[in-house]
Structures are given as structure tokens and as C-alpha cells.
$ cat my_file_39.cif   # mmCIF, C-alpha atoms and all ligand atoms
data_protein
#
loop_
_atom_site.label_atom_id
_atom_site.label_comp_id
_atom_site.auth_asym_id
_atom_site.auth_seq_id
_atom_site.Cartn_x
_atom_site.Cartn_y
_atom_site.Cartn_z
CA MET A 6 -20.69 48.30 19.50
CA LYS A 7 -18.12 50.28 21.52
CA PRO A 8 -14.76 50.83 19.81
CA GLU A 9 -12.91 48.77 22.44
CA THR A 10 -15.05 45.72 21.69
CA LYS A 11 -14.47 45.92 17.96
CA CYS A 12 -12.02 43.60 16.27
CA ILE A 13 -8.51 44.70 15.36
CA ALA A 14 -6.75 42.09 13.27
CA VAL A 15 -3.42 41.70 11.51
CA ALA A 16 -3.99 40.43 7.97
CA PRO A 17 -2.87 37.07 6.62
CA MET A 18 0.27 37.76 4.58
CA MET A 19 2.10 35.00 2.75
CA ASP A 20 5.78 34.78 3.59
CA TRP A 21 5.30 37.46 6.25
CA THR A 22 2.90 36.36 8.99
CA ASP A 23 4.64 33.11 9.81
CA ARG A 24 4.85 31.96 13.40
CA HIS A 25 7.99 33.95 14.19
CA CYS A 26 6.43 37.14 12.90
CA ARG A 27 3.27 36.49 14.90
CA TYR A 28 5.22 35.85 18.10
CA PHE A 29 6.93 39.21 17.58
CA LEU A 30 3.73 41.11 16.75
CA ARG A 31 1.92 39.68 19.74
CA LEU A 32 4.37 41.49 22.04
CA PHE A 33 2.95 44.83 20.87
CA ALA A 34 -0.70 44.17 21.63
CA PRO A 35 -2.29 41.38 23.69
CA ASP A 36 -5.76 41.58 22.15
CA VAL A 37 -5.16 41.98 18.42
CA LEU A 38 -6.35 38.99 16.38
CA LEU A 39 -3.50 37.48 14.38
CA TYR A 40 -3.90 35.44 11.21
CA THR A 41 -1.57 32.88 9.72
CA GLU A 42 -0.38 33.17 6.15
CA MET A 43 -2.73 31.39 3.76
CA ILE A 44 -2.17 27.64 4.04
CA THR A 45 -3.71 25.52 1.32
CA ALA A 46 -5.99 22.68 2.29
CA GLN A 47 -3.90 20.38 0.09
CA ALA A 48 -0.73 21.28 1.96
CA ILE A 49 -2.33 20.50 5.29
CA LEU A 50 -3.77 17.19 4.14
CA ARG A 51 -0.91 15.97 1.98
CA GLY A 52 2.05 17.73 3.55
CA PRO A 53 3.65 18.28 6.95
CA ALA A 54 0.42 19.42 8.65
CA GLU A 55 1.99 19.56 12.09
CA SER A 56 4.72 21.99 11.08
CA LEU A 57 2.37 24.06 8.89
CA LEU A 58 -0.12 24.49 11.73
CA ARG A 59 2.47 24.85 14.47
CA TYR A 60 2.44 27.96 16.67
CA SER A 61 3.43 29.12 20.14
CA PRO A 62 0.60 29.43 22.69
CA GLU A 63 1.62 33.08 23.23
CA GLU A 64 0.41 33.88 19.69
CA HIS A 65 -3.26 33.55 20.69
CA PRO A 66 -5.80 34.91 19.83
CA LEU A 67 -4.88 33.26 16.54
CA ALA A 68 -6.87 32.47 13.40
CA VAL A 69 -5.85 30.34 10.46
CA GLN A 70 -6.46 31.25 6.84
CA LEU A 71 -7.05 28.39 4.43
CA GLY A 72 -6.80 28.39 0.67
CA GLY A 73 -8.67 26.03 -1.60
CA SER A 74 -11.86 25.46 -3.51
CA ASP A 75 -12.74 21.85 -2.77
CA PRO A 76 -15.36 21.61 0.00
CA VAL A 77 -14.27 18.14 1.08
CA LEU A 78 -10.59 19.04 1.37
CA LEU A 79 -11.34 22.36 3.03
CA ALA A 80 -13.61 20.67 5.58
CA GLN A 81 -10.88 18.19 6.48
CA ALA A 82 -8.25 20.92 6.70
CA ALA A 83 -10.57 23.09 8.80
CA ARG A 84 -11.05 20.22 11.24
CA ARG A 85 -7.29 19.75 11.54
CA ALA A 86 -6.88 23.47 12.19
CA ALA A 87 -9.65 23.53 14.79
CA ASP A 88 -8.08 20.50 16.50
CA ALA A 89 -4.78 22.39 16.53
CA GLY A 90 -6.47 25.15 18.55
CA TYR A 91 -7.02 27.98 16.06
CA ILE A 92 -9.93 30.10 17.23
CA GLU A 93 -11.24 30.99 13.77
CA ILE A 94 -11.00 29.40 10.34
CA ASN A 95 -10.91 31.85 7.45
CA LEU A 96 -11.21 31.15 3.74
CA ASN A 97 -9.18 33.25 1.30
CA CYS A 98 -11.27 34.72 -1.52
CA GLY A 99 -9.29 37.90 -1.87
CA CYS A 100 -5.81 37.05 -3.02
CA PRO A 101 -5.39 37.77 -6.75
CA SER A 102 -1.97 36.28 -7.56
CA ASP A 103 -1.84 34.19 -10.74
CA ARG A 104 -0.35 31.27 -8.89
CA VAL A 105 -3.24 31.27 -6.48
CA SER A 106 -5.75 31.78 -9.28
CA ALA A 107 -4.42 28.84 -11.30
CA GLY A 108 -4.97 26.53 -8.34
CA ALA A 109 -8.49 28.00 -7.93
CA PHE A 110 -7.99 29.76 -4.65
CA GLY A 111 -8.34 33.37 -3.73
CA ALA A 112 -10.17 36.16 -5.51
CA CYS A 113 -11.11 34.15 -8.63
CA LEU A 114 -13.50 32.22 -6.37
CA MET A 115 -15.68 35.31 -6.07
CA LEU A 116 -16.76 34.53 -9.63
CA ASP A 117 -18.21 31.23 -8.41
CA ALA A 118 -20.23 32.10 -5.31
CA PRO A 119 -22.12 28.76 -5.14
CA ARG A 120 -18.82 26.91 -4.91
CA VAL A 121 -17.54 29.20 -2.15
CA ALA A 122 -20.83 28.78 -0.30
CA ASP A 123 -20.38 24.98 -0.51
CA CYS A 124 -16.86 25.38 0.88
CA ILE A 125 -18.00 27.57 3.77
CA ALA A 126 -20.90 25.24 4.59
CA ALA A 127 -18.61 22.20 4.55
CA MET A 128 -16.04 23.93 6.77
CA ARG A 129 -18.80 25.11 9.11
CA ALA A 130 -20.15 21.57 9.45
CA ALA A 131 -16.68 20.17 10.10
CA VAL A 132 -15.65 22.27 13.10
CA PRO A 133 -17.20 22.80 16.53
CA ALA A 134 -19.85 25.53 16.75
CA SER A 135 -17.51 27.49 19.06
CA VAL A 136 -15.04 28.01 16.18
CA PRO A 137 -16.25 30.65 13.72
CA VAL A 138 -15.72 30.14 10.01
CA THR A 139 -15.20 33.40 8.11
CA VAL A 140 -14.35 34.55 4.62
CA LYS A 141 -12.04 37.30 3.33
CA PHE A 142 -12.84 38.78 -0.05
CA ARG A 143 -12.62 41.88 -2.24
CA ILE A 144 -15.41 44.30 -3.16
CA GLY A 145 -15.30 42.84 -6.65
CA VAL A 146 -13.23 41.04 -9.25
CA VAL A 147 -12.26 42.21 -12.73
CA ASP A 148 -11.30 39.38 -15.05
CA ARG A 149 -9.06 40.79 -17.76
CA ALA A 150 -9.88 37.83 -20.04
CA GLN A 151 -13.62 38.56 -19.81
CA GLU A 152 -13.21 42.31 -20.28
CA GLY A 153 -11.49 41.76 -23.62
CA SER A 154 -8.98 44.63 -23.57
CA ALA A 155 -6.61 46.37 -21.19
CA GLN A 156 -8.68 49.58 -21.46
CA ALA A 157 -11.94 47.83 -20.64
CA SER A 158 -10.26 46.08 -17.72
CA ALA A 159 -8.87 49.39 -16.40
CA ALA A 160 -12.30 51.04 -16.70
CA ALA A 161 -13.97 48.15 -14.86
CA MET A 162 -11.36 48.43 -12.14
CA GLN A 163 -12.03 52.15 -11.67
CA ARG A 164 -15.82 52.03 -11.60
CA PHE A 165 -18.11 50.67 -8.93
CA ASP A 166 -21.69 50.78 -10.12
CA GLU A 167 -25.01 49.37 -8.98
CA ALA A 168 -24.40 46.08 -10.82
CA ASP A 169 -21.11 45.74 -8.95
CA PHE A 170 -22.85 46.40 -5.67
CA ALA A 171 -25.60 43.89 -6.43
CA ARG A 172 -22.97 41.21 -7.12
CA LEU A 173 -21.08 42.09 -3.95
CA GLU A 174 -24.19 42.02 -1.81
CA ALA A 175 -25.36 38.72 -3.31
CA PHE A 176 -21.94 37.20 -2.65
CA ALA A 177 -21.93 38.47 0.94
CA ARG A 178 -25.44 37.18 1.60
CA SER A 179 -24.64 33.76 0.22
CA MET A 180 -21.59 33.59 2.51
CA ILE A 181 -23.76 34.41 5.51
CA GLU A 182 -26.38 31.83 4.48
CA ALA A 183 -23.61 29.25 4.19
CA GLY A 184 -22.47 29.95 7.74
CA SER A 185 -19.78 32.63 7.61
CA ALA A 186 -19.74 34.28 11.03
CA ALA A 187 -18.08 37.48 9.80
CA LEU A 188 -17.09 39.08 6.51
CA ILE A 189 -13.63 40.53 6.02
CA VAL A 190 -13.67 42.86 3.06
CA HIS A 191 -10.60 44.27 1.34
CA ALA A 192 -12.08 47.51 0.01
CA ARG A 193 -10.59 47.20 -3.49
CA LYS A 194 -11.49 45.24 -6.57
CA ALA A 195 -9.05 42.50 -7.55
CA VAL A 196 -7.85 42.41 -11.13
CA LEU A 197 -7.16 38.92 -12.45
CA GLY A 198 -4.54 39.11 -15.19
CA GLY A 199 -2.56 42.24 -15.97
CA LEU A 200 -1.74 43.42 -12.45
CA SER A 201 0.93 41.94 -10.19
CA PRO A 202 -0.05 41.02 -6.61
CA HIS A 203 1.71 44.19 -5.44
CA GLU A 204 -0.21 46.36 -7.95
CA ASN A 205 -3.41 44.65 -6.91
CA ARG A 206 -2.83 46.04 -3.43
CA THR A 207 -2.12 49.57 -4.58
CA VAL A 208 -3.69 50.36 -7.98
CA PRO A 209 -7.43 49.52 -7.68
CA PRO A 210 -9.12 52.40 -5.83
CA LEU A 211 -9.93 51.94 -2.15
CA ARG A 212 -13.68 52.15 -1.58
CA PHE A 213 -14.44 52.15 2.13
CA ASP A 214 -17.80 53.70 1.26
CA VAL A 215 -18.76 50.48 -0.54
CA VAL A 216 -17.95 48.38 2.53
CA GLU A 217 -19.88 50.80 4.70
CA ARG A 218 -22.90 50.50 2.42
CA LEU A 219 -22.63 46.72 2.41
CA ARG A 220 -22.60 46.72 6.21
CA ALA A 221 -25.66 48.96 6.27
CA GLU A 222 -27.54 46.69 3.85
CA LEU A 223 -26.68 43.62 5.91
CA ALA A 224 -28.04 45.41 8.98
CA GLY A 225 -25.93 43.67 11.61
CA ARG A 226 -26.45 40.08 10.45
CA VAL A 227 -22.71 39.44 10.90
CA PRO A 228 -19.75 41.69 11.75
CA VAL A 229 -18.16 43.37 8.73
CA ILE A 230 -14.42 43.91 9.07
CA VAL A 231 -12.82 46.40 6.69
CA ASN A 232 -9.33 46.04 5.25
CA GLY A 233 -7.06 48.05 2.98
CA GLY A 234 -4.64 50.93 3.23
CA LEU A 235 -5.02 51.66 6.96
CA ARG A 236 -1.78 53.22 8.14
CA SER A 237 -2.40 55.44 11.17
CA CYS A 238 -4.12 55.19 14.52
CA GLU A 239 -6.46 58.00 13.41
CA SER A 240 -7.47 56.27 10.17
CA VAL A 241 -8.12 53.02 12.05
CA LEU A 242 -10.28 54.80 14.64
CA ALA A 243 -12.19 56.51 11.83
CA ALA A 244 -12.73 53.16 10.06
CA LEU A 245 -13.97 51.62 13.31
CA ALA A 246 -16.73 54.22 13.46
CA THR A 247 -18.35 52.69 10.37
CA SER A 248 -17.35 49.03 10.66
CA ASP A 249 -17.29 46.21 13.18
CA GLY A 250 -13.54 45.94 13.02
CA VAL A 251 -10.46 46.52 10.94
CA MET A 252 -7.78 44.33 9.49
CA ILE A 253 -4.33 45.85 9.02
CA GLY A 254 -1.70 44.30 6.78
CA ARG A 255 1.44 46.03 5.58
CA GLU A 256 1.55 48.83 8.13
CA ALA A 257 1.36 46.41 11.06
CA TYR A 258 4.26 44.48 9.57
CA HIS A 259 6.46 47.48 8.82
CA ARG A 260 5.48 49.57 11.85
CA PRO A 261 4.33 47.22 14.60
CA TRP A 262 4.13 50.07 17.13
CA LEU A 263 0.84 50.94 15.45
CA LEU A 264 -0.59 47.88 17.19
CA ALA A 265 0.58 49.16 20.58
CA GLU A 266 -0.87 52.60 19.83
CA LEU A 267 -4.21 51.01 18.99
CA GLN A 268 -4.18 48.76 22.03
CA ALA A 269 -3.63 51.84 24.23
CA ALA A 270 -6.21 53.95 22.39
CA LEU A 271 -8.92 51.30 22.52
CA HIS A 272 -8.35 50.10 26.08
CA PRO A 273 -7.50 53.30 27.97
CA SER A 274 -8.52 51.96 31.38
CA SER A 275 -6.72 48.63 31.05
CA PRO A 276 -3.66 48.07 33.29
CA TRP A 277 -1.71 46.99 30.19
CA ARG A 278 1.22 49.24 29.32
CA ALA A 279 3.07 49.20 26.02
CA PRO A 280 6.45 47.49 26.36
CA GLY A 281 9.61 49.37 25.46
CA ALA A 282 11.78 48.33 22.53
CA GLY A 283 14.35 46.96 25.01
CA GLU A 284 11.75 44.73 26.62
CA ILE A 285 10.65 43.45 23.22
CA LEU A 286 14.26 42.66 22.34
CA GLU A 287 14.64 40.76 25.62
CA ARG A 288 11.58 38.63 24.86
CA MET A 289 12.73 38.03 21.30
CA ARG A 290 16.22 37.15 22.50
CA ALA A 291 14.83 34.36 24.68
CA TYR A 292 12.60 33.21 21.84
CA ALA A 293 15.46 33.27 19.32
CA LEU A 294 17.79 31.35 21.63
CA ALA A 295 15.16 28.64 22.13
CA GLU A 296 14.28 28.48 18.43
CA THR A 297 17.85 28.47 17.08
CA ALA A 298 18.69 25.67 19.50
CA LEU A 299 15.99 23.67 17.70
CA GLY A 300 17.52 24.48 14.31
CA THR A 301 15.56 27.56 13.20
CA PRO A 302 17.87 29.92 11.27
CA LEU A 303 18.24 33.17 13.23
CA GLN A 304 17.39 35.23 10.17
CA ALA A 305 14.00 33.52 9.89
CA ILE A 306 13.14 35.35 13.12
CA THR A 307 15.03 38.63 12.83
CA ARG A 308 13.83 39.37 9.28
CA HIS A 309 10.41 40.22 10.73
CA MET A 310 11.82 42.61 13.33
CA LEU A 311 13.20 45.35 11.09
CA GLY A 312 10.42 47.81 12.01
CA LEU A 313 11.17 47.78 15.74
CA MET A 314 13.46 50.81 15.59
CA GLY A 315 11.73 52.60 12.72
CA GLY A 316 12.18 56.37 12.90
CA ARG A 317 14.61 56.26 15.85
CA ALA A 318 18.30 57.03 16.09
CA GLY A 319 20.29 53.91 15.15
CA ALA A 320 17.49 52.46 13.01
CA ARG A 321 19.71 51.86 10.00
CA ALA A 322 22.47 50.13 11.99
CA TYR A 323 19.78 48.06 13.70
CA ARG A 324 18.28 46.94 10.38
CA THR A 325 21.70 45.98 9.04
CA LEU A 326 22.39 43.99 12.17
CA MET A 327 19.07 42.14 12.05
CA SER A 328 19.30 41.32 8.36
CA GLN A 329 22.93 40.99 7.27
CA GLN A 330 24.60 39.92 10.50
CA ALA A 331 21.90 37.37 11.23
CA GLN A 332 22.42 35.94 7.74
CA ARG A 333 26.18 35.85 8.19
CA GLY A 334 25.82 33.59 11.19
CA MET A 335 26.28 35.90 14.16
CA PRO A 336 25.14 33.94 17.24
CA ALA A 337 21.72 34.96 18.57
CA GLY A 338 22.97 36.05 22.02
CA ILE A 339 25.60 38.41 20.57
CA LEU A 340 23.25 39.80 17.95
CA PHE A 341 20.56 40.63 20.49
CA ASP A 342 23.12 42.18 22.87
CA ARG A 343 24.22 44.50 20.05
CA ALA A 344 20.63 45.30 19.22
CA ARG A 345 20.02 46.22 22.87
CA GLU A 346 23.00 48.58 22.76
CA LEU A 347 21.65 50.24 19.62
CA CYS A 348 18.23 50.75 21.13
CA ALA A 349 19.49 51.97 24.54
CA GLY A 350 18.24 55.48 25.05
CA SER A 351 15.42 55.24 22.53
CA ASP A 352 13.07 53.10 24.58
CA GLY A 353 9.33 53.63 24.82
CA MET A 354 6.55 53.32 22.34
CA GLY A 355 7.60 53.90 18.74
C1 LIG B 401 3.27 40.13 1.41
C2 LIG B 401 1.76 39.99 1.41
C3 LIG B 401 1.20 38.73 1.41
C4 LIG B 401 -0.20 38.59 1.42
N1 LIG B 401 -0.73 37.33 1.52
C5 LIG B 401 -2.08 37.20 1.70
C6 LIG B 401 -2.64 35.93 2.01
O1 LIG B 401 -1.95 34.92 2.19
N2 LIG B 401 -4.00 35.87 2.13
C7 LIG B 401 -4.80 36.97 1.99
O2 LIG B 401 -6.02 36.87 2.14
N3 LIG B 401 -4.28 38.18 1.73
C8 LIG B 401 -2.94 38.32 1.60
N4 LIG B 401 -2.41 39.56 1.43
C9 LIG B 401 -3.30 40.74 1.41
C10 LIG B 401 -3.48 41.28 2.84
O3 LIG B 401 -4.08 40.33 3.68
C11 LIG B 401 -4.33 42.56 2.81
O4 LIG B 401 -5.61 42.23 2.35
C12 LIG B 401 -3.73 43.64 1.92
O5 LIG B 401 -2.34 43.78 2.14
C13 LIG B 401 -4.44 44.99 2.16
O6 LIG B 401 -4.26 45.41 3.49
P1 LIG B 401 -3.16 46.53 3.88
O7 LIG B 401 -3.37 47.69 2.95
O8 LIG B 401 -3.47 46.88 5.31
O9 LIG B 401 -1.82 45.92 3.70
C14 LIG B 401 -1.03 39.74 1.40
C15 LIG B 401 -0.44 41.01 1.41
C16 LIG B 401 0.94 41.14 1.42
C17 LIG B 401 1.55 42.52 1.46
#
$ encode --input "my_file_39.cif" --output "C-alpha cells"
Amino acid sequence: MKPETKCIAVAPMMDWTDRHCRYFLRLFAPDVLLYTEMITAQAILRGPAESLLRYSPEEHPLAVQLGGSDPVLLAQAARRAADAGYIEINLNCGCPSDRVSAGAFGACLMLDAPRVADCIAAMRAAVPASVPVTVKFRIGVVDRAQEGSAQASAAAMQRFDEADFARLEAFARSMIEAGSAALIVHARKAVLGGLSPHENRTVPPLRFDVVERLRAELAGRVPVIVNGGLRSCESVLAALATSDGVMIGREAYHRPWLLAELQAALHPSSPWRAPGAGEILERMRAYALAETALGTPLQAITRHMLGLMGGRAGARAYRTLMSQQAQRGMPAGILFDRARELCAGSDGMG
């Protein structure tokens, strides 16, 4: 697979990759695959499905991530999402937060592979064949309660032995058998109990080598997308050499210019040119005016845009404007005019 045909995705991130964030990120790269935040199947079926699944057509290519562990509910939610036009339905088996674990979603599901396989198969059967169903998971799960002590849990988190690999490979194979069209692997173990969600994204060691080995063992049966800790264009290009694609989370959110750098690096002969910061502000101004007229608070949009001026002169004043002034009720038109003034002179790719 040539690098330019490999998948670059922005990770699902709760409270971050909402529709306003995705609209903004799309302006940096036309081809990157965007994911929604995790939406639980229950919320879609029992709650305001239309608003939860709502997006702007410009956000495409766009995938939805579902949370849940009930095959029937997940199948129904997947169908709703496919009807809404999402091009991929992903199941979250990688998120370790206690809240998620208590509701039996996320990484704890890796301890019950047959159940996840039932979920994937039910989702697969519920949506058209043209819509891939995929799963996102960790390289392993450490359950503090099963390990018995904090020390044993820490040791299990640090090691990755043959038994770990056998479990990972068996899980991956059962996902493929059930119909998962790709595997998205966060290259860290998840620790259930004892680590906060933030620590679970920083403390367990990153093991890209494990994902690489998994991909080799699976011998091309489905694409394997690697996730975790990718922060530079160089590290992404290096990861693409040994994977079928990458998923980028925090760095894409905090430094969206990375997406433009990757778009340019992977499609050198495309006529696409990275927009300047001024152009992005113009597009977001129009978006914010339309959205605030419908009742969206301005800050719900601008809070995702703090990375636009990162590293440039005026960045601090820009961040203050986009966070505090938006919250204090400055009208969208005035706020974006001021932002344009701050970014004048520092246009071009970040
Ligand atoms: C604020 C935040 C929210 C997240 N929410 C989700 C989520 O809803 N579903 C999920 O699968 N992973 C979630 N994650 C994990 C990311 O998708 C990703 O796997 C993780 O951040 C590692 O990638 P990174 O190092 O590139 O950020 C979240 C991460 C962050 C920082």
C-alpha cells in the first residue's frame, strides 16, 4: 500500500471531537477521516438521536464511534448511524474510564471477546455492506481487581509477554471473524482501576512493535490502524511504514496544522494547497454566524480553535479572545474580526 492511500484519522475524543470541532479540523485536510466522540447506543435509541448524530456535510469523510455492549441495541444504533450517512461504524473497546467501564463499554469489553464479537456481528448484519464496521481497542487490559495489588497491576502494565500477545491476537482474530473491516489499535495496555483516563493515555508504555507484530501475524486480512502518542509529521510517516494507517488524537486537537502538513506530505501532486490561518478564520466566522443564529453558544465553537495560532506571534492574545471573550458574550462577527487582526501577518501553514 502506498503511503498516500493509507488512512489518516483523527481519533474519537469525548467532549472534544464534537461537530464544531470536526468542522474546524476538516478545513486543515480534505481527506483525513474524522470520528465522532463516542456516542452510546442507549443515548441514540432513548435520547435525542437526531441531535446526537447531527453533522455538517462538509465534515465528511466521517465515521461514528458507538459505545455499548448489547448486540441488539448496538445493531439498532448502528442502523440509525448508517441511515444518517456515517461512512463507518466503530465500536469503542479502548476507553478505560470508570464511568465507561461501569456501563460495560470500552476497554473492559476486551475481557469478554465473545460478547464483543456478538456486538460486531450484529452491527455488521444491521448496516449495508458498503458501510464498514470496525473496532478500536488496546493491546491489552490490566484489571487491578484481578491482579490483587497495586504492584502486581503495575508490573502487568509494564510487561508484554507471549501470553499477552496470544490474547491480543485471539481478540483481533475474533473481531475479524465477526465482521470487523479494520482494527484500530491504541498501542498501550489499559489499566482498569487505579489509573485516571488521563494517566491511561500517558503511563502505560507505548508498544508500536506489538501492533506491528499483530499486523504481520494477520497477514493483510484487514487493515491495522495504529494509534497512540503520534505528534509529528515524521513520526506519523514512520508509523505508516509499518501499518495500514494511523489515528491521531491529542496532537491533532491541539495542533491541527499537523493535519495540513500530513495532507501535503502524503498528496504531493494534488492541486490542494493548505489554507492560511486567515482563510480558516473566514470559514469559521461564516460557520459561527450561522450556528449562533440557531442558538449555539459561540464558545462551543471557539473553544476548539485555540490551536490555530499555536507558536505564532499573538497566540496568547488569540487564545484569550477565543476563550474568555467568547464566554463573555462578544458577538461572533466582532470576535472573528479581532482574531483576523491578531493573525494578520502570520498567515500560512502553522
Ligand atoms: C479528551 C479525550 C477523550 C477521548 N475519548 C475517547 C472516546 O470517546 N473513544 C475512544 O475510543 N477513545 C477516546 N480517547 C482516546 C483517543 O481516541 C486516543 O486513543 C488516545 O488519545 C491516544 O491517541 P493520542 O496519543 O494520539 O492522543 C479520548 C482521548 C482524549 C484525550
$ residues_near_ligand --input "my_file_39.cif" --ligand "ligand LIG 401 (chain B)" --cutoff "6 Å" --atoms "only C-alpha atoms and all ligand atoms" --output "PyMOL selection string"
chain A and resi 16-19+21+42-43+97+99-100+191+206+232-235+253-255
$ closest_residue --input "my_file_39.cif" --among "A:Glu239, A:Asp20, A:Glu152, A:Asp214" --to "Leu271 in chain A" --atoms "all atoms listed in the file"
A:Glu239
$ residues_around --input "my_file_39.cif" --residues "Cys348 in chain A" --least-positions-apart "3" --cutoff "9 Å" --atoms "all atoms listed in the file" --output "short mmCIF file (atom, residue, chain, number, x, y, z; two decimals) with C-alpha atoms, in the frame of the given file"
data_model
loop_
_atom_site.label_atom_id
_atom_site.label_comp_id
_atom_site.auth_asym_id
_atom_site.auth_seq_id
_atom_site.Cartn_x
_atom_site.Cartn_y
_atom_site.Cartn_z
CA ALA A 282 11.78 48.33 22.53
CA GLY A 283 14.35 46.96 25.01
CA MET A 314 13.46 50.81 15.59
CA ARG A 317 14.61 56.26 15.85
CA ALA A 318 18.30 57.03 16.09
CA GLY A 319 20.29 53.91 15.15
CA ALA A 320 17.49 52.46 13.01
CA TYR A 323 19.78 48.06 13.70
CA ARG A 343 24.22 44.50 20.05
CA ALA A 344 20.63 45.30 19.22
CA ARG A 345 20.02 46.22 22.87
CA SER A 351 15.42 55.24 22.53
CA ASP A 352 13.07 53.10 24.58
#
$ atom_distance --input "my_file_39.cif" --atom1 "CA of Pro76 in chain A" --atom2 "CA of Asn95 in chain A"
13.4 Å
$ closest_atom_pairs --input "my_file_39.cif" --of "range 222-331 of chain A" --to "range 170-175 of chain A" --cutoff "12 Å" --atoms "all atoms listed in the file" --output "JSON lines"
{"residue": "A:Glu222", "atom": "CA", "partner": "A:Glu174", "partner_atom": "CA", "distance": 8.1}
{"residue": "A:Leu223", "atom": "CA", "partner": "A:Glu174", "partner_atom": "CA", "distance": 8.3}
{"residue": "A:Ala224", "atom": "CA", "partner": "A:Glu174", "partner_atom": "CA", "distance": 11.9}
$ closest_residue --input "my_file_39.cif" --among "A:Trp262, A:Phe110, A:Phe142, A:Phe33" --to "Val231 in chain A" --atoms "all atoms listed in the file"
A:Phe142
$ residues_near_point --input "my_file_39.cif" --point "(-16.5, 52.9, 2.4)" --cutoff "10 Å" --atoms "only C-alpha atoms" --output "PyMOL selection string"
chain A and resi 192+211-220+231+244+247-248
$ write_last_selection --input "my_file_39.cif" --atoms "C-alpha atoms" --output "PDB file, in the frame of the given file"
ATOM      1  CA  ALA A 192     -12.080  47.510   0.010  1.00  0.00           C
ATOM      2  CA  LEU A 211      -9.930  51.940  -2.150  1.00  0.00           C
ATOM      3  CA  ARG A 212     -13.680  52.150  -1.580  1.00  0.00           C
ATOM      4  CA  PHE A 213     -14.440  52.150   2.130  1.00  0.00           C
ATOM      5  CA  ASP A 214     -17.800  53.700   1.260  1.00  0.00           C
ATOM      6  CA  VAL A 215     -18.760  50.480  -0.540  1.00  0.00           C
ATOM      7  CA  VAL A 216     -17.950  48.380   2.530  1.00  0.00           C
ATOM      8  CA  GLU A 217     -19.880  50.800   4.700  1.00  0.00           C
ATOM      9  CA  ARG A 218     -22.900  50.500   2.420  1.00  0.00           C
ATOM     10  CA  LEU A 219     -22.630  46.720   2.410  1.00  0.00           C
ATOM     11  CA  ARG A 220     -22.600  46.720   6.210  1.00  0.00           C
ATOM     12  CA  VAL A 231     -12.820  46.400   6.690  1.00  0.00           C
ATOM     13  CA  ALA A 244     -12.730  53.160  10.060  1.00  0.00           C
ATOM     14  CA  THR A 247     -18.350  52.690  10.370  1.00  0.00           C
ATOM     15  CA  SER A 248     -17.350  49.030  10.660  1.00  0.00           C
TER      16      SER A 248
END
$ residues_around --input "my_file_39.cif" --residues "Gly334 in chain A" --least-positions-apart "2" --cutoff "9 Å" --atoms "all atoms listed in the file" --output "ChimeraX atom specification"
/A:302-304,329-332,336-337
$ closest_residue --input "my_file_39.cif" --among "A:Thr139, A:Gln163, A:Ser74, A:Ser102" --to "Ala186 in chain A" --atoms "all atoms listed in the file"
A:Thr139
$ decode --input "my_file_39.cif" --residues "range 145-159 of chain A" --atoms "N, CA and C atoms" --output "compact mmCIF listing (two decimals), in the first residue's frame"
# COMPACT_ATOMS: atom_id res chain seq x y z
N GLY A 145 -4.00 -4.55 25.25
CA GLY A 145 -4.30 -5.43 26.36
C GLY A 145 -5.00 -4.66 27.47
N VAL A 146 -5.49 -5.40 28.44
CA VAL A 146 -6.19 -4.78 29.57
C VAL A 146 -5.64 -5.37 30.86
N VAL A 147 -5.33 -4.50 31.81
CA VAL A 147 -4.92 -4.95 33.14
C VAL A 147 -6.05 -4.59 34.09
N ASP A 148 -6.59 -5.62 34.75
CA ASP A 148 -7.69 -5.37 35.69
C ASP A 148 -7.11 -5.38 37.09
N ARG A 149 -7.04 -4.21 37.69
CA ARG A 149 -6.43 -4.08 39.02
C ARG A 149 -7.06 -5.06 40.01
N ALA A 150 -8.38 -5.25 39.93
CA ALA A 150 -9.07 -6.14 40.87
C ALA A 150 -8.57 -7.58 40.72
N GLN A 151 -8.31 -7.98 39.49
CA GLN A 151 -7.82 -9.36 39.26
C GLN A 151 -6.37 -9.52 39.65
N GLU A 152 -5.59 -8.45 39.50
CA GLU A 152 -4.14 -8.54 39.80
C GLU A 152 -3.90 -8.64 41.30
N GLY A 153 -4.81 -8.11 42.10
CA GLY A 153 -4.69 -8.27 43.55
C GLY A 153 -4.01 -7.12 44.26
N SER A 154 -2.93 -6.57 43.70
CA SER A 154 -2.23 -5.48 44.39
C SER A 154 -1.80 -4.43 43.37
N ALA A 155 -1.49 -3.25 43.91
CA ALA A 155 -1.04 -2.16 43.03
C ALA A 155 0.26 -2.55 42.34
N GLN A 156 1.16 -3.24 43.08
CA GLN A 156 2.45 -3.63 42.48
C GLN A 156 2.25 -4.62 41.33
N ALA A 157 1.38 -5.61 41.58
CA ALA A 157 1.14 -6.62 40.54
C ALA A 157 0.51 -5.95 39.31
N SER A 158 -0.38 -5.00 39.56
CA SER A 158 -1.04 -4.30 38.46
C SER A 158 -0.01 -3.49 37.67
N ALA A 159 0.90 -2.81 38.39
CA ALA A 159 1.93 -2.00 37.71
C ALA A 159 2.86 -2.90 36.89
